[in-house]
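> After the structure tokens below, expect a handful of questions from me.
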Amino acid sequence: MLQYIAPATGLLFTLENILWINIGVFIGSVFAAIPGLSVILCVILFLPVTYSMTAIPGMMFLLGIYCAGGYGGSVSAILINTPGTPHAAATMLDGHPLSEQGRTKAALKIALYASTFGGIFSALMLLFLGPQVARVAAQLGTAEYFMVCVFGLTIIAGVSGKSMIKGLISACLGLLISCVGSDPMTSYDRFTFGISRLYLGLDLAVCLIGLFALVEIMSKAEKRLDRLNLDTTQIKDDGVITKEEYKRMARPVLLSSIIGVMVGIIPGTGASEASWFSYNTAKNMSKHPEEFGHGSVEGIAAAESANNAVTGATLIPLLTLGIPGDGTVAIMLSALMINGLNPGLSLFTTQGDIMYAIMLGLILVNVFMFLQGKFLTTLFAKVVSIPQEILTPIIVIFCFAGAYSVNENFFDVGVALIFAMLAWILRKLELPPVPILLGLVLGSMTETNFRRALLISNGSPKIFFSSVYCIIFLVLILLAVGAIVRGKMKERSTQKED
Amino acid sequence: MKRRILSIALLAAMCAALLAGCGQKSATWKVTCPWAPSGVAAMVSQQAATKSTSYSDTITLVAEAIKGDAATVNTWVADTKANDTELVFVGEGLLSITSILDPAKMQFGYEDFVFVENLYSSIFVLSADAKLNIGSVADLEAYVQQGTEISVAVNGATSSEAFLAAALFGSMGAGDKLKLTPYQSAAEAAQAVSRGETQFAVSHQSQILETYQQKGVTVVCAFDEGNIENGPFAGVEGVGQHGYPYFRNRCFVMARAGTDEKKVAELKELYGKILADAEVVEWLQDTMLLEVDTMSVADVEAHVENVKSIVNEYKDIVAG
């Protein structure tokens, strides 16, 4: 490794690379901040630009978009209670309440610091432990994936609000909706009602626009309020984070970065799962779990550090085994292959200088993301000074444009509207929307891995206890369930005492 | 004042751009790929688009990938008419598999298109868990004769890979012992066999290469007539010479039916020049492990019919 560091540094530190990193970071931040315009869409749109470049500047540009996208989604989550990207949904739970408490800049700052830490942490993991970690991750099979999903579903308890039953109903609804489309195991259609676009299933980004953005506007219109969630009079904070808050954030940030890396290296999972797992873990381990959902600095820090810690981790299986960790990274694979680089461990010896330049570049990307974020935080915070009568139509236009752009089809705009109606009805019934999102995120993965595991074992459930990793995840599930039960019992006894 | 100067400058720039465009009869053809942007077809299409300006002053190809398979092609067919400057990729998956297993998904048929060119062909390979020590068709036949269950990882439940596995093991008389395990991507399927979740996997050569180099799998045979001639899998036996059915993966570039024959011929000529480019040929062979494979309409129809006959014969094994 050491013999490649010097030539890799030489290849990386060029004006061209630094320029492309900054362009990528800026574009990624803006795209991710707009609900519906996802990071993956941004990478797809700008991928052709890289085909005329060599591998390093091309990858730096795409990594800039990818990493900044991890942070950018938090901006709209904090400012307008609508995650710019699906993986910023967990950030929204505390980011927006903190913003409503008049601490918008502080919330944005926490998101930026946590994102940068998570990003650099995973970049270092990629640099020093990439091949070793990838070999372990390659041992995780279908049964282990299923256990990871079940662990993920325990988060429902944490985001159900006051009523666990209502949270479970919402989650079941999300799981049911995730079944729409082709059956992953047989390719037969389910719940498509003969509508050809439904064969593909429902796109998460489109559902999100309806569930969180459009419903918010509908709700305000119903109440005849002239403001959305942005109250300019409340944004007077200087963005100060106290020493006490920094101390409180340290543990969840570190732990969430580790979780983010662990989730990121498992192909098929992604930043959404990582941020929810981390958020739930941070809540379970916090001395102030009651603050979660009401503007907890730990909640924001946990979710943001985790979703950015995924960025470097998803590159681990890609660069070492040629397996893309998530959809966005799969697109980056083509940028490498167009340049004649077929990722895999063998490339570390044949083109070691290029591979290490890319890995070192990821650290640089995070540094520039931090620097731009420092500037953009102020810029984004200025969004709140735009009069609501101008901002609201802009948000609606972006929502529709975002929904359309996912598949370049008006059908998705209709889906977003249907989800807005659904979310509005759920509000009337006091059913929380976040568990629906969780069901959508984890539903297909849980079902596919469960059915495939049983297919492999010829129907025997023993497969779920067949490896050390399965047992580890089982223990984690039991601990999570134990923590939920303990929390509920504590809550009841407090209520009785009161 | 500033605004006025800016407006005049913008107007001047627009006029200059318009004048620069005069005299050139350049047409931009959008090439829609209905599969993942990171997939083989999308990458090849993008590479061809990048090269198009080097070989034509009158045609510019613009590649676009909209994942959605039949749904994307349905929309494309509904939104286009003859002579529109739009092209689309269609492969045996739609024309030969979906058209038989699930025709309701397709609101189009072969007659809605006019063939322009086939860009490449890919030879699928069968890989086996390295622990099984199966390295040839003879080893495989001996293994099948043991009569044990055979599990094969494939990318998608009713994919080309699934039908190739069904055709091979079905024609060996082990169709009833075959268990196809579908994965969400070819990379996942390749990993599944290396960690022993399944005994075999069918994939493109490029998708199994890294696992093979890490000694996680052995490559048993290729789904082609003869042995693989080039690349890291050179010498791997083709199943065709042993009398087993096979087909290559091909993706045809199509224009809308009724499009002027002259335009189609120009496009075919352009693709021909791009595919003869030494850089493109080298990239396809060395990085993507594919072959340049230009075809005629008769070749395309023969390919579609060959796959259809395999699908009809083995659909009970794949789709139950």
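Residues in the structure tokens are named by chain (A, B, ... in the order shown) and by number from 1 within that chain; ligands are numbered from 1 in the order shown.
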Which chain B residues have any atom within 9 Å of an atom of chain A, and for each, what is the nearest pair of atoms with distance in Å to one decimal, counting only C-alpha atoms, rows sorted by chain and number, as CSV?

```
residue,atom,partner,partner_atom,distance
B:Ala36,CA,A:Ile331,CA,8.6
B:Pro37,CA,A:Ile331,CA,6.3
B:Ser38,CA,A:Ile331,CA,4.6
B:Gly39,CA,A:Ser334,CA,7.8
B:Val40,CA,A:Ser334,CA,8.5
B:Ala42,CA,A:Ser334,CA,8.9
B:Met43,CA,A:Ser334,CA,6.4
B:Val44,CA,A:Ile338,CA,8.7
B:Gln46,CA,A:Pro48,CA,7.4
B:Gln47,CA,A:Ile338,CA,7.4
B:Thr50,CA,A:Tyr51,CA,7.5
B:Ala63,CA,A:Pro48,CA,8.6
B:Ala65,CA,A:Ile44,CA,8.5
B:Ile66,CA,A:Asn407,CA,6.5
B:Lys67,CA,A:Asn407,CA,7.8
B:Gly68,CA,A:Leu200,CA,6.3
B:Asp69,CA,A:Leu200,CA,8.7
B:Ala70,CA,A:Ser196,CA,8.3
B:Ala71,CA,A:Arg197,CA,5.8
B:Thr72,CA,A:Arg197,CA,8.4
B:Asn74,CA,A:Ser196,CA,8.3
B:Thr75,CA,A:Asn409,CA,8.7
B:Asp102,CA,A:Tyr188,CA,8.5
B:Ala104,CA,A:Gly194,CA,8.3
B:Lys105,CA,A:Ser196,CA,6.4
B:Met106,CA,A:Ser196,CA,8.4
B:Gln107,CA,A:Ser196,CA,9.0
B:Ser151,CA,A:Ile456,CA,8.1
B:Gly156,CA,A:Pro184,CA,7.5
B:Ala157,CA,A:Thr186,CA,5.3
B:Thr158,CA,A:Ser187,CA,6.7
B:Lys179,CA,A:Leu455,CA,8.5
B:Thr181,CA,A:Arg452,CA,7.0
B:Pro182,CA,A:Met185,CA,6.1
B:Tyr183,CA,A:Met185,CA,8.0
B:Gln184,CA,A:Pro184,CA,7.6
B:Ala187,CA,A:Ile323,CA,5.9
B:Glu188,CA,A:Ile323,CA,7.7
B:Gln191,CA,A:Ala138,CA,7.1
B:Ala192,CA,A:Gly141,CA,7.1
B:Ser194,CA,A:Ala138,CA,8.9
B:Arg195,CA,A:Gln139,CA,6.3
B:Glu197,CA,A:Ile456,CA,6.8
B:Thr198,CA,A:Ile456,CA,7.5
B:Ser206,CA,A:Asn342,CA,8.4
B:Gln207,CA,A:Gly322,CA,8.2
B:Leu209,CA,A:Gly344,CA,8.9
B:Glu210,CA,A:Gly344,CA,5.8
B:Thr211,CA,A:Leu321,CA,7.3
B:Gln213,CA,A:Ser346,CA,8.0
B:Gln214,CA,A:Leu345,CA,8.2
B:Trp283,CA,A:Gly340,CA,6.4
B:Asp286,CA,A:Gly340,CA,7.7
B:Thr287,CA,A:Gly340,CA,5.4
B:Met288,CA,A:Met337,CA,7.6
B:Ala319,CA,A:Thr186,CA,7.3
```
> Which neighbours of stretch 126-140 of chain B fall inside 6 Å, counting only C-alpha atoms, when residues of the same chain fewer than 4 positions from it are skipped, and could you give them as an MDAnalysis selection string?
chainID B and resid 193:194 199:202 216:221
> Name the closest residue to B:Gly196 among the candidates B:Val152, B:Tyr246, B:Lys51, B:Val307; distances are taken between atoms, counting only C-alpha atoms.
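Using only C-alpha atoms, the shortest distance to B:Gly196 belongs to B:Val152.
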> Where does DSSP see strand (DSSP E) in stretch 79-229 of chain A, if you list the residues as JSON, numbers by chain?
{"A": [181, 182, 189, 190]}
> What's the separation between atom CA of B:Asp176 and atom CA of B:Ala153, in Å to one decimal place?
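Taking atom CA of B:Asp176 and atom CA of B:Ala153, their separation equals 16.2 Å.
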> Hey, can you check how far atom CA of B:Ala302 sits from atom CA of B:Ala222?
20.2 Å
> Would you kindly return, as a VMD selection string, each protein, DNA or RNA residue with an atom no farther than 12 Å from any atom of A:Gly69, considering only C-alpha atoms and excluding same-chain residues fewer than 3 positions away?
chain A and resid 24 to 35 37 to 43 62 to 66 72 to 76 83 to 88 112 115 to 116 119 271 304 307 to 308 310 to 311 328 365 to 366 369 373
> As a ChimeraX atom specification, which residues of stretch 145-212 of chain B does DSSP assign to helix (DSSP H, G or I)?
/B:145,160-171,175-177,186-194,205-212
> State, in Å with one decimal place, the distance from atom CA of A:Ala107 to atom CA of A:Ile395.
20.8 Å
> Can you work out which one of A:Gly181, A:Gly361, A:Gly95, A:Gly299 has the shortest atom-to-atom distance to A:Lys283, counting only C-alpha atoms?
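Ranking A:Gly181, A:Gly361, A:Gly95, A:Gly299 by distance to A:Lys283, first place goes to A:Gly299.
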> Out of B:Ile150, B:Ile208, B:Ala82, B:Val90, which residue has the shortest atom-to-atom distance to B:Leu180 when counting only C-alpha atoms?
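Going through B:Ile150, B:Ile208, B:Ala82, B:Val90 one by one, the smallest distance to B:Leu180 is for B:Ile150.
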